[in-house]
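One structure is given below, encoded as structure tokens.
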Amino acid sequence: MVTIEFLGPINKENMNLEIKNLTQLSEILKDDEKVSSWLETCAVAVNDTLISSKDITLNDGDKVSLLPPVCGG
């Protein structure tokens, strides 16, 4: 089971999914109204390490974090 956490203004409860890679996660989330608009702009971290490829293999117990862009003043 992989835990998916949504940070900042995405405002969605964590999910636990049986997935093997980020491509599978993307397919699931693209149909979710709360999340789909964030997918193109979010940074993604796996186990608190930023990644840049959807090809990374996910293992049982991994945590995927979606980090939306933020701006401050």
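A note on labels: chains of the structure tokens are A, B, ... as shown, every chain counts residues from 1, and ligands are counted from 1 in their shown order.
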Could you give me, as CSV, a per-residue list for range 5-49 of chain A showing, wherever an atom lies at most 6 Å from an atom of range 53-71 of chain A, the closest pair of atoms and their distance in Å to one decimal, using only C-alpha atoms and sorting by chain then residue number from low to high?
residue,atom,partner,partner_atom,distance
A:Glu5,CA,A:Ser65,CA,4.8
A:Phe6,CA,A:Leu66,CA,5.1
A:Leu7,CA,A:Leu67,CA,5.5
A:Lys20,CA,A:Leu58,CA,4.9
A:Asn21,CA,A:Thr57,CA,5.0
A:Leu22,CA,A:Lys54,CA,4.8
A:Thr23,CA,A:Lys54,CA,5.6
A:Cys42,CA,A:Pro68,CA,4.3
A:Ala43,CA,A:Leu67,CA,5.0
A:Val44,CA,A:Leu66,CA,5.0
A:Ala45,CA,A:Ser65,CA,5.1
A:Val46,CA,A:Val64,CA,4.6
A:Asn47,CA,A:Lys63,CA,5.1
I need the residues from that last selection saved to file as an mmCIF file, in the first residue's frame (with C-alpha atoms), if you can.
data_model
loop_
_atom_site.group_PDB
_atom_site.id
_atom_site.type_symbol
_atom_site.label_atom_id
_atom_site.label_comp_id
_atom_site.auth_asym_id
_atom_site.auth_seq_id
_atom_site.Cartn_x
_atom_site.Cartn_y
_atom_site.Cartn_z
ATOM 1 C CA GLU A 5 -0.601 12.965 0.729
ATOM 2 C CA PHE A 6 -1.924 16.221 -0.653
ATOM 3 C CA LEU A 7 -0.236 19.288 0.780
ATOM 4 C CA LYS A 20 3.399 0.357 -8.536
ATOM 5 C CA ASN A 21 4.384 3.668 -10.164
ATOM 6 C CA LEU A 22 3.459 7.317 -10.584
ATOM 7 C CA THR A 23 1.888 6.724 -13.988
ATOM 8 C CA CYS A 42 2.689 20.098 -8.491
ATOM 9 C CA ALA A 43 6.110 18.917 -7.497
ATOM 10 C CA VAL A 44 6.167 15.277 -6.427
ATOM 11 C CA ALA A 45 8.159 13.724 -3.618
ATOM 12 C CA VAL A 46 8.560 10.038 -2.863
ATOM 13 C CA ASN A 47 9.555 9.368 0.733
#
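For chain A, the set of residues given helix (DSSP H, G or I) by DSSP on the backbone reads Gly8, Pro9, Ile10, Leu22, Thr23, Gln24, Leu25, Ser26, Glu27, Ile28, Leu29, Glu33, Lys34, Val35 and Ser36 of chain A.
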Discussion item. Between CA of Glu33 in chain A and CA of Asp48 in chain A, what distance in Å does the model show, to one decimal?
Written reply: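 Answer for the CA of Glu33 in chain A to CA of Asp48 in chain A separation: 25.2 Å.
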So which bits of chain A end up strand (DSSP E or B) when you DSSP the backbone, as a tab-separated table (two decimals) with N, CA, C and O atoms, in the first residue's frame?
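Generated file (states-v6.tsv):
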chain	number	residue	atom	x	y	z
A	2	VAL	N	0.58	2.18	-0.84
A	2	VAL	CA	1.31	3.45	-0.96
A	2	VAL	C	0.40	4.56	-0.44
A	2	VAL	O	-0.77	4.63	-0.80
A	3	THR	N	0.94	5.42	0.43
A	3	THR	CA	0.19	6.54	0.96
A	3	THR	C	0.41	7.75	0.07
A	3	THR	O	1.54	8.08	-0.27
A	4	ILE	N	-0.68	8.42	-0.30
A	4	ILE	CA	-0.62	9.63	-1.10
A	4	ILE	C	-1.06	10.78	-0.21
A	4	ILE	O	-2.16	10.73	0.35
A	5	GLU	N	-0.20	11.81	-0.06
A	5	GLU	CA	-0.60	12.96	0.73
A	5	GLU	C	-0.66	14.20	-0.15
A	5	GLU	O	0.15	14.37	-1.06
A	6	PHE	N	-1.65	15.02	0.12
A	6	PHE	CA	-1.92	16.22	-0.65
A	6	PHE	C	-1.66	17.42	0.25
A	6	PHE	O	-2.36	17.63	1.22
A	15	MET	N	-4.70	9.37	0.79
A	15	MET	CA	-5.24	8.15	0.18
A	15	MET	C	-4.23	7.04	0.35
A	15	MET	O	-3.03	7.29	0.38
A	16	ASN	N	-4.71	5.81	0.44
A	16	ASN	CA	-3.85	4.63	0.43
A	16	ASN	C	-4.24	3.80	-0.78
A	16	ASN	O	-5.40	3.41	-0.91
A	17	LEU	N	-3.27	3.56	-1.66
A	17	LEU	CA	-3.55	2.88	-2.92
A	17	LEU	C	-2.57	1.74	-3.16
A	17	LEU	O	-1.42	1.79	-2.74
A	21	ASN	N	3.60	2.55	-9.62
A	21	ASN	CA	4.38	3.67	-10.16
A	21	ASN	C	3.52	4.93	-10.23
A	21	ASN	O	2.32	4.88	-9.99
A	43	ALA	N	4.89	19.71	-7.64
A	43	ALA	CA	6.11	18.92	-7.50
A	43	ALA	C	5.69	17.62	-6.81
A	43	ALA	O	4.67	17.56	-6.13
A	44	VAL	N	6.48	16.58	-7.02
A	44	VAL	CA	6.17	15.28	-6.43
A	44	VAL	C	7.37	14.79	-5.65
A	44	VAL	O	8.51	14.85	-6.13
A	45	ALA	N	7.10	14.31	-4.44
A	45	ALA	CA	8.16	13.72	-3.62
A	45	ALA	C	7.76	12.29	-3.28
A	45	ALA	O	6.60	12.00	-3.03
A	46	VAL	N	8.75	11.41	-3.31
A	46	VAL	CA	8.56	10.04	-2.86
A	46	VAL	C	9.45	9.85	-1.65
A	46	VAL	O	10.67	10.04	-1.73
A	49	THR	N	11.70	12.83	-0.90
A	49	THR	CA	12.73	13.19	-1.87
A	49	THR	C	12.05	13.60	-3.17
A	49	THR	O	11.28	12.82	-3.74
A	50	LEU	N	12.32	14.84	-3.63
A	50	LEU	CA	11.71	15.30	-4.87
A	50	LEU	C	12.16	14.42	-6.03
A	50	LEU	O	13.34	14.07	-6.13
A	51	ILE	N	11.23	14.12	-6.92
A	51	ILE	CA	11.56	13.29	-8.08
A	51	ILE	C	11.10	14.01	-9.35
A	51	ILE	O	10.28	14.93	-9.29
A	57	THR	N	9.72	3.25	-9.42
A	57	THR	CA	8.95	2.14	-8.89
A	57	THR	C	8.56	2.44	-7.45
A	57	THR	O	9.40	2.86	-6.65
A	63	LYS	N	5.60	6.70	0.57
A	63	LYS	CA	4.72	7.86	0.70
A	63	LYS	C	4.99	8.78	-0.48
A	63	LYS	O	6.13	9.17	-0.73
A	64	VAL	N	3.94	9.14	-1.19
A	64	VAL	CA	4.02	10.08	-2.30
A	64	VAL	C	3.35	11.38	-1.83
A	64	VAL	O	2.22	11.36	-1.34
A	65	SER	N	4.06	12.49	-1.98
A	65	SER	CA	3.52	13.80	-1.59
A	65	SER	C	3.35	14.66	-2.82
A	65	SER	O	4.28	14.79	-3.62
A	66	LEU	N	2.17	15.26	-2.97
A	66	LEU	CA	1.94	16.24	-4.03
A	66	LEU	C	2.08	17.62	-3.41
A	66	LEU	O	1.36	17.97	-2.48
A	67	LEU	N	3.03	18.38	-3.94
A	67	LEU	CA	3.37	19.69	-3.38
A	67	LEU	C	3.01	20.78	-4.39
A	67	LEU	O	3.73	21.00	-5.36
